Amino acid sequence: MKIAVLAGDGVGPEVVAEAVKVLTALGREGLTLEIEQAPVGGAAYDAAGDPLPPQTLELARKAEAILFGAVGGPRYDAGPRAKRPEQAILRLRKELNLFANLRPAAVFPELADASTLRPEVVSGLDILIVRELTGDIYFGQPRGIRELEGGGREGFDTMRYTESEIRRIAHAGFRAALKRGRKLCSVDKANVLETSQLWRDVVSEVGREYVAVELTHMYVDNAAMQLLKHPRQFDVIVTGNMFGDILSDEASMLTGSIGMLPSASLDENGKGLYEPIHGSAPDIAGKNLANPLAAILSAAMMLRYSLDQDRAAARVEAAVKKVLAEGYRTADIFQRGTRKVGTREMGDAVVAALF
Ligand code: IPM
Ligand code: MG
């Protein structure tokens, strides 16, 4: 099985190295993965003038699955948008049709008081955000910044969703709900936006095919509030690209740290790109400070969803649980009485806990 590893910028290479360490260790048990690395993001721009060089895209296409780190950095923020590191991940998602982004936010009991919310609010929390990933205002045309005739400039983007785009992500949401708590909350802004009205109508229509799932609808502002007020009311949330981007960062904090959350971005056939939801965190890059658990848990999702290795996936997840129970903590989840370790030491601890 061929895996493309695109580590990227900032803490990306550090956390991905730990995930690769874990995957390689599983090789001792007979799981053989052919791992091939390629540059992406700012690193690729520096090397080749392109955040997503053709060879990197080609490798991503050929591979069975892609393990991705993070892209971006302040150095690139002033450049032309088409050359910015973020374009690499946006184009990969679009070119490979990875429309279904699964972002689980579950609270490990050991971390219930690492959240800024009270433990009784977050403990036992287990949410899955299903975020549409290839449409919406992220990709809608027209967009741009133009000079107005009367003087001054105007910036504009276009939020749009076709019925078929909504339908396929709705199905992904319902299917995920069927495998979990059978509750699906669709999040939109139908009180204001036409795009959201269509979203709501289509999701409701698809819902008639899933009588076993309880479907509710919620406006995004209320959903943002409910996530803090009573997050355990949610099982699966299905939402558009931009709302999902925002709500998944918010949900990550319920779990204690954004450094804990993995994600899977899947196409129609289960081919996927796996990445921590956190960014490149340039402020802590290269300091052995980043939490590699989101990347390691992303590798576990890869084993489960793309490589059909449920047992290996469960094993990695159990190892993560074990190191947390043993008290290992990177700085982002450190609390008095636990054991502070760096990125590499955390990776080593997970490898040791596998066997
Ligand atoms: C994410 C990130 C990306 C997004 C950025 C890096 C383009 O925030 O994966 O959530 O907005 O989708
Ligand atoms: Mg984001």
# chains A, B, ... in the order shown; residues from 1 in each chain; ligands from 1

call {"tool": "residues_around", "arguments": {"residues": "segment 64-77 of chain A", "least_positions_apart": "4", "cutoff": "8 Å", "atoms": "only C-alpha atoms", "output": "compact mmCIF listing (two decimals) with N, CA and C atoms, in the first residue's frame"}}
result
# COMPACT_ATOMS: atom_id res chain seq x y z
N MET A 1 0.84 -1.19 0.00
CA MET A 1 0.00 0.00 0.00
C MET A 1 0.87 1.24 0.00
N LYS A 2 0.61 2.10 -0.98
CA LYS A 2 1.45 3.28 -1.14
C LYS A 2 0.81 4.48 -0.44
N ILE A 3 1.62 5.10 0.42
CA ILE A 3 1.15 6.28 1.15
C ILE A 3 1.98 7.49 0.74
N ALA A 4 1.31 8.56 0.37
CA ALA A 4 2.02 9.81 0.09
C ALA A 4 2.09 10.61 1.39
N VAL A 5 3.28 11.03 1.74
CA VAL A 5 3.44 11.82 2.95
C VAL A 5 3.85 13.24 2.55
N LEU A 6 2.95 14.17 2.82
CA LEU A 6 3.19 15.57 2.48
C LEU A 6 3.24 16.36 3.77
N ALA A 7 4.43 16.62 4.25
CA ALA A 7 4.57 17.17 5.60
C ALA A 7 4.34 18.68 5.67
N GLY A 8 4.83 19.41 4.65
CA GLY A 8 4.53 20.84 4.59
C GLY A 8 5.40 21.72 5.46
N ASP A 9 4.76 22.67 6.12
CA ASP A 9 5.47 23.77 6.79
C ASP A 9 5.29 23.75 8.30
N GLY A 10 6.06 24.60 8.93
CA GLY A 10 5.90 24.83 10.37
C GLY A 10 6.07 23.54 11.15
N VAL A 11 5.09 23.24 12.00
CA VAL A 11 5.18 22.01 12.78
C VAL A 11 4.80 20.77 11.96
N GLY A 12 4.33 20.98 10.72
CA GLY A 12 3.91 19.85 9.88
C GLY A 12 4.93 18.72 9.85
N PRO A 13 6.18 19.02 9.44
CA PRO A 13 7.18 17.94 9.36
C PRO A 13 7.42 17.24 10.71
N VAL A 15 5.29 16.85 13.35
CA VAL A 15 4.21 15.98 13.81
C VAL A 15 4.02 14.79 12.86
N VAL A 16 4.24 15.03 11.57
CA VAL A 16 4.09 13.94 10.61
C VAL A 16 5.18 12.89 10.82
N VAL A 40 5.34 20.18 -0.20
CA VAL A 40 4.04 20.84 -0.37
C VAL A 40 4.04 22.15 0.41
N GLY A 41 3.20 23.08 -0.01
CA GLY A 41 3.05 24.34 0.74
C GLY A 41 4.22 25.28 0.55
N GLY A 42 4.53 26.04 1.58
CA GLY A 42 5.62 27.01 1.50
C GLY A 42 6.94 26.35 1.17
N ALA A 60 0.18 12.24 -5.04
CA ALA A 60 -1.06 12.19 -4.25
C ALA A 60 -2.14 11.40 -5.00
N ARG A 84 0.28 31.07 -2.56
CA ARG A 84 0.38 30.89 -1.11
C ARG A 84 0.24 29.41 -0.74
N PRO A 85 0.88 29.05 0.37
CA PRO A 85 0.89 27.64 0.78
C PRO A 85 -0.50 27.02 0.90
N GLU A 86 -1.48 27.82 1.36
CA GLU A 86 -2.85 27.31 1.55
C GLU A 86 -3.45 26.76 0.26
N ALA A 88 -2.13 24.88 -1.76
CA ALA A 88 -1.76 23.48 -1.92
C ALA A 88 -2.86 22.57 -1.36
N ILE A 89 -3.30 22.86 -0.17
CA ILE A 89 -4.30 21.97 0.44
C ILE A 89 -5.67 22.19 -0.23
N LYS A 271 -11.13 7.02 -0.97
CA LYS A 271 -9.73 7.47 -1.01
C LYS A 271 -9.63 8.72 -0.15
N GLY A 272 -8.54 8.86 0.57
CA GLY A 272 -8.54 9.97 1.50
C GLY A 272 -7.21 10.65 1.75
N LEU A 273 -7.36 11.87 2.23
CA LEU A 273 -6.23 12.65 2.74
C LEU A 273 -6.48 12.83 4.23
N TYR A 274 -5.43 12.61 5.00
CA TYR A 274 -5.57 12.62 6.46
C TYR A 274 -4.66 13.69 7.04
N GLU A 275 -5.21 14.55 7.86
CA GLU A 275 -4.40 15.64 8.40
C GLU A 275 -4.92 16.08 9.75
N PRO A 276 -4.01 16.54 10.61
CA PRO A 276 -4.47 17.18 11.83
C PRO A 276 -5.22 18.44 11.47
N HIS A 278 -5.14 21.16 13.04
CA HIS A 278 -4.39 22.36 13.40
C HIS A 278 -3.54 22.83 12.23
N GLY A 279 -3.05 24.06 12.34
CA GLY A 279 -2.25 24.62 11.26
C GLY A 279 -0.77 24.42 11.50
N SER A 280 0.03 25.26 10.85
CA SER A 280 1.48 25.07 10.85
C SER A 280 2.14 25.64 12.10
N ALA A 281 1.40 26.41 12.89
CA ALA A 281 1.89 26.95 14.17
C ALA A 281 3.34 27.42 14.10
N PRO A 282 3.63 28.40 13.24
CA PRO A 282 5.03 28.82 13.04
C PRO A 282 5.72 29.26 14.33
N ALA A 295 -1.76 14.29 14.52
CA ALA A 295 -1.20 13.65 13.32
C ALA A 295 -1.23 12.12 13.47
N SER A 298 -4.63 10.98 13.02
CA SER A 298 -4.98 11.06 11.59
C SER A 298 -4.47 9.81 10.87
N ALA A 299 -3.28 9.35 11.25
CA ALA A 299 -2.76 8.11 10.66
C ALA A 299 -3.68 6.94 11.02
N MET A 302 -6.54 7.02 8.77
CA MET A 302 -6.10 6.53 7.46
C MET A 302 -6.15 5.01 7.41
N SER A 306 -9.08 4.30 4.70
CA SER A 306 -8.55 4.06 3.34
C SER A 306 -7.87 2.71 3.19
N LEU A 307 -7.31 2.17 4.28
CA LEU A 307 -6.47 0.97 4.14
C LEU A 307 -7.14 -0.28 4.70

call {"tool": "residues_near_ligand", "arguments": {"ligand": "ligand 2", "cutoff": "8 Å", "atoms": "only C-alpha atoms and all ligand atoms", "output": "ChimeraX atom specification"}}
result
/A:245-246,248-249,277-279

call {"tool": "select_by_dssp", "arguments": {"residues": "segment 143-230 of chain A", "states": "strand (DSSP E)", "output": "VMD selection string"}}
result
chain A and resid 144 to 147 153 to 156 183 to 188 214 to 219

call {"tool": "write_last_selection", "arguments": {"atoms": "N, CA, C and O atoms", "output": "PDB file, in the first residue's frame"}}
result
ATOM      1  N   GLY A 144     -12.913  38.254  -6.046  1.00  0.00           N
ATOM      2  CA  GLY A 144     -11.821  39.159  -6.397  1.00  0.00           C
ATOM      3  C   GLY A 144     -11.858  40.446  -5.605  1.00  0.00           C
ATOM      4  O   GLY A 144     -12.657  40.602  -4.666  1.00  0.00           O
ATOM      5  N   ILE A 145     -10.972  41.335  -5.984  1.00  0.00           N
ATOM      6  CA  ILE A 145     -10.958  42.686  -5.431  1.00  0.00           C
ATOM      7  C   ILE A 145     -10.953  43.607  -6.639  1.00  0.00           C
ATOM      8  O   ILE A 145     -10.123  43.442  -7.542  1.00  0.00           O
ATOM      9  N   ARG A 146     -11.924  44.486  -6.735  1.00  0.00           N
ATOM     10  CA  ARG A 146     -11.995  45.340  -7.933  1.00  0.00           C
ATOM     11  C   ARG A 146     -12.081  46.809  -7.556  1.00  0.00           C
ATOM     12  O   ARG A 146     -12.497  47.156  -6.449  1.00  0.00           O
ATOM     13  N   GLU A 147     -11.675  47.649  -8.527  1.00  0.00           N
ATOM     14  CA  GLU A 147     -11.790  49.094  -8.368  1.00  0.00           C
ATOM     15  C   GLU A 147     -13.225  49.483  -8.700  1.00  0.00           C
ATOM     16  O   GLU A 147     -13.771  49.047  -9.711  1.00  0.00           O
ATOM     17  N   ARG A 153     -12.086  50.474  -3.503  1.00  0.00           N
ATOM     18  CA  ARG A 153     -12.098  49.089  -3.960  1.00  0.00           C
ATOM     19  C   ARG A 153     -13.202  48.298  -3.282  1.00  0.00           C
ATOM     20  O   ARG A 153     -13.686  48.678  -2.221  1.00  0.00           O
ATOM     21  N   GLU A 154     -13.549  47.183  -3.884  1.00  0.00           N
ATOM     22  CA  GLU A 154     -14.547  46.277  -3.313  1.00  0.00           C
ATOM     23  C   GLU A 154     -14.006  44.854  -3.368  1.00  0.00           C
ATOM     24  O   GLU A 154     -13.506  44.420  -4.409  1.00  0.00           O
ATOM     25  N   GLY A 155     -14.102  44.148  -2.252  1.00  0.00           N
ATOM     26  CA  GLY A 155     -13.730  42.733  -2.248  1.00  0.00           C
ATOM     27  C   GLY A 155     -15.003  41.903  -2.309  1.00  0.00           C
ATOM     28  O   GLY A 155     -16.006  42.267  -1.705  1.00  0.00           O
ATOM     29  N   PHE A 156     -14.965  40.789  -3.045  1.00  0.00           N
ATOM     30  CA  PHE A 156     -16.182  39.969  -3.130  1.00  0.00           C
ATOM     31  C   PHE A 156     -15.844  38.495  -3.303  1.00  0.00           C
ATOM     32  O   PHE A 156     -14.833  38.139  -3.913  1.00  0.00           O
ATOM     33  N   LYS A 183     -28.042  10.590  15.341  1.00  0.00           N
ATOM     34  CA  LYS A 183     -28.571  11.960  15.384  1.00  0.00           C
ATOM     35  C   LYS A 183     -27.736  12.814  14.448  1.00  0.00           C
ATOM     36  O   LYS A 183     -26.509  12.805  14.515  1.00  0.00           O
ATOM     37  N   LEU A 184     -28.421  13.548  13.577  1.00  0.00           N
ATOM     38  CA  LEU A 184     -27.701  14.426  12.656  1.00  0.00           C
ATOM     39  C   LEU A 184     -28.237  15.843  12.794  1.00  0.00           C
ATOM     40  O   LEU A 184     -29.448  16.065  12.690  1.00  0.00           O
ATOM     41  N   CYS A 185     -27.358  16.775  13.048  1.00  0.00           N
ATOM     42  CA  CYS A 185     -27.749  18.179  13.106  1.00  0.00           C
ATOM     43  C   CYS A 185     -27.127  18.882  11.901  1.00  0.00           C
ATOM     44  O   CYS A 185     -25.908  18.918  11.754  1.00  0.00           O
ATOM     45  N   SER A 186     -27.979  19.431  11.051  1.00  0.00           N
ATOM     46  CA  SER A 186     -27.488  20.154   9.879  1.00  0.00           C
ATOM     47  C   SER A 186     -27.404  21.631  10.231  1.00  0.00           C
ATOM     48  O   SER A 186     -28.366  22.221  10.711  1.00  0.00           O
ATOM     49  N   VAL A 187     -26.241  22.198  10.000  1.00  0.00           N
ATOM     50  CA  VAL A 187     -26.003  23.593  10.402  1.00  0.00           C
ATOM     51  C   VAL A 187     -25.940  24.499   9.176  1.00  0.00           C
ATOM     52  O   VAL A 187     -25.215  24.218   8.221  1.00  0.00           O
ATOM     53  N   ASP A 188     -26.725  25.573   9.208  1.00  0.00           N
ATOM     54  CA  ASP A 188     -26.772  26.499   8.071  1.00  0.00           C
ATOM     55  C   ASP A 188     -27.108  27.901   8.554  1.00  0.00           C
ATOM     56  O   ASP A 188     -27.114  28.173   9.758  1.00  0.00           O
ATOM     57  N   GLU A 214     -32.363  10.747  13.447  1.00  0.00           N
ATOM     58  CA  GLU A 214     -33.125  11.937  13.855  1.00  0.00           C
ATOM     59  C   GLU A 214     -32.421  13.187  13.316  1.00  0.00           C
ATOM     60  O   GLU A 214     -31.307  13.509  13.712  1.00  0.00           O
ATOM     61  N   LEU A 215     -33.089  13.874  12.390  1.00  0.00           N
ATOM     62  CA  LEU A 215     -32.488  15.059  11.760  1.00  0.00           C
ATOM     63  C   LEU A 215     -33.008  16.334  12.408  1.00  0.00           C
ATOM     64  O   LEU A 215     -34.219  16.510  12.581  1.00  0.00           O
ATOM     65  N   THR A 216     -32.084  17.222  12.762  1.00  0.00           N
ATOM     66  CA  THR A 216     -32.480  18.558  13.218  1.00  0.00           C
ATOM     67  C   THR A 216     -31.702  19.579  12.395  1.00  0.00           C
ATOM     68  O   THR A 216     -30.705  19.247  11.753  1.00  0.00           O
ATOM     69  N   HIS A 217     -32.172  20.813  12.427  1.00  0.00           N
ATOM     70  CA  HIS A 217     -31.484  21.904  11.736  1.00  0.00           C
ATOM     71  C   HIS A 217     -31.158  22.984  12.753  1.00  0.00           C
ATOM     72  O   HIS A 217     -31.931  23.215  13.678  1.00  0.00           O
ATOM     73  N   MET A 218     -30.031  23.626  12.560  1.00  0.00           N
ATOM     74  CA  MET A 218     -29.661  24.689  13.491  1.00  0.00           C
ATOM     75  C   MET A 218     -28.944  25.803  12.731  1.00  0.00           C
ATOM     76  O   MET A 218     -28.159  25.521  11.820  1.00  0.00           O
ATOM     77  N   TYR A 219     -29.227  27.047  13.098  1.00  0.00           N
ATOM     78  CA  TYR A 219     -28.484  28.155  12.496  1.00  0.00           C
ATOM     79  C   TYR A 219     -27.075  28.167  13.068  1.00  0.00           C
ATOM     80  O   TYR A 219     -26.857  27.837  14.241  1.00  0.00           O
TER      81      TYR A 219
END

call {"tool": "closest_residue", "arguments": {"among": "A:Gln141, A:Ser204, A:Gln55, A:Ser265", "to": "ligand 1", "atoms": "only C-alpha atoms and all ligand atoms"}}
result
A:Ser265

call {"tool": "residues_around", "arguments": {"residues": "Phe234 of chain A", "least_positions_apart": "3", "cutoff": "12 Å", "atoms": "only C-alpha atoms", "output": "PyMOL selection string"}}
result
chain A and resi 104-106+122+124-129+177+180-187+214-218+223-224+226-231+237-238+251

call {"tool": "write_last_selection", "arguments": {"atoms": "C-alpha atoms", "output": "mmCIF file, in the first residue's frame"}}
result
data_model
loop_
_atom_site.group_PDB
_atom_site.id
_atom_site.type_symbol
_atom_site.label_atom_id
_atom_site.label_comp_id
_atom_site.auth_asym_id
_atom_site.auth_seq_id
_atom_site.Cartn_x
_atom_site.Cartn_y
_atom_site.Cartn_z
ATOM 1 C CA PRO A 104 -14.189 13.885 15.169
ATOM 2 C CA ALA A 105 -14.000 15.782 18.439
ATOM 3 C CA ALA A 106 -14.000 13.381 21.351
ATOM 4 C CA VAL A 122 -17.245 18.326 28.191
ATOM 5 C CA GLY A 124 -18.048 12.106 27.631
ATOM 6 C CA LEU A 125 -18.254 14.392 24.638
ATOM 7 C CA ASP A 126 -18.088 12.626 21.270
ATOM 8 C CA ILE A 127 -18.980 14.721 18.233
ATOM 9 C CA LEU A 128 -18.312 14.162 14.569
ATOM 10 C CA ILE A 129 -18.310 17.190 12.301
ATOM 11 C CA ALA A 177 -24.886 9.115 11.951
ATOM 12 C CA ARG A 180 -22.942 6.317 15.661
ATOM 13 C CA GLY A 181 -25.684 7.844 17.788
ATOM 14 C CA ARG A 182 -28.200 8.230 14.895
ATOM 15 C CA LYS A 183 -28.571 11.960 15.384
ATOM 16 C CA LEU A 184 -27.701 14.426 12.656
ATOM 17 C CA CYS A 185 -27.749 18.179 13.106
ATOM 18 C CA SER A 186 -27.488 20.154 9.879
ATOM 19 C CA VAL A 187 -26.003 23.593 10.402
ATOM 20 C CA GLU A 214 -33.125 11.937 13.855
ATOM 21 C CA LEU A 215 -32.488 15.059 11.760
ATOM 22 C CA THR A 216 -32.480 18.558 13.218
ATOM 23 C CA HIS A 217 -31.484 21.904 11.736
ATOM 24 C CA MET A 218 -29.661 24.689 13.491
ATOM 25 C CA ALA A 223 -24.672 26.120 16.841
ATOM 26 C CA ALA A 224 -21.556 28.060 17.840
ATOM 27 C CA GLN A 226 -24.723 25.475 21.743
ATOM 28 C CA LEU A 227 -21.270 23.935 21.291
ATOM 29 C CA LEU A 228 -20.133 25.855 24.338
ATOM 30 C CA LYS A 229 -23.359 25.658 26.305
ATOM 31 C CA HIS A 230 -24.297 22.017 25.927
ATOM 32 C CA PRO A 231 -21.925 20.273 23.519
ATOM 33 C CA ILE A 237 -23.030 17.766 12.636
ATOM 34 C CA VAL A 238 -23.174 18.214 8.864
ATOM 35 C CA ALA A 251 -15.135 22.057 18.823
#

call {"tool": "closest_residue", "arguments": {"among": "A:Ala100, A:Ala78, A:Val350, A:Met253", "to": "Ala112 of chain A", "atoms": "only C-alpha atoms"}}
result
A:Met253
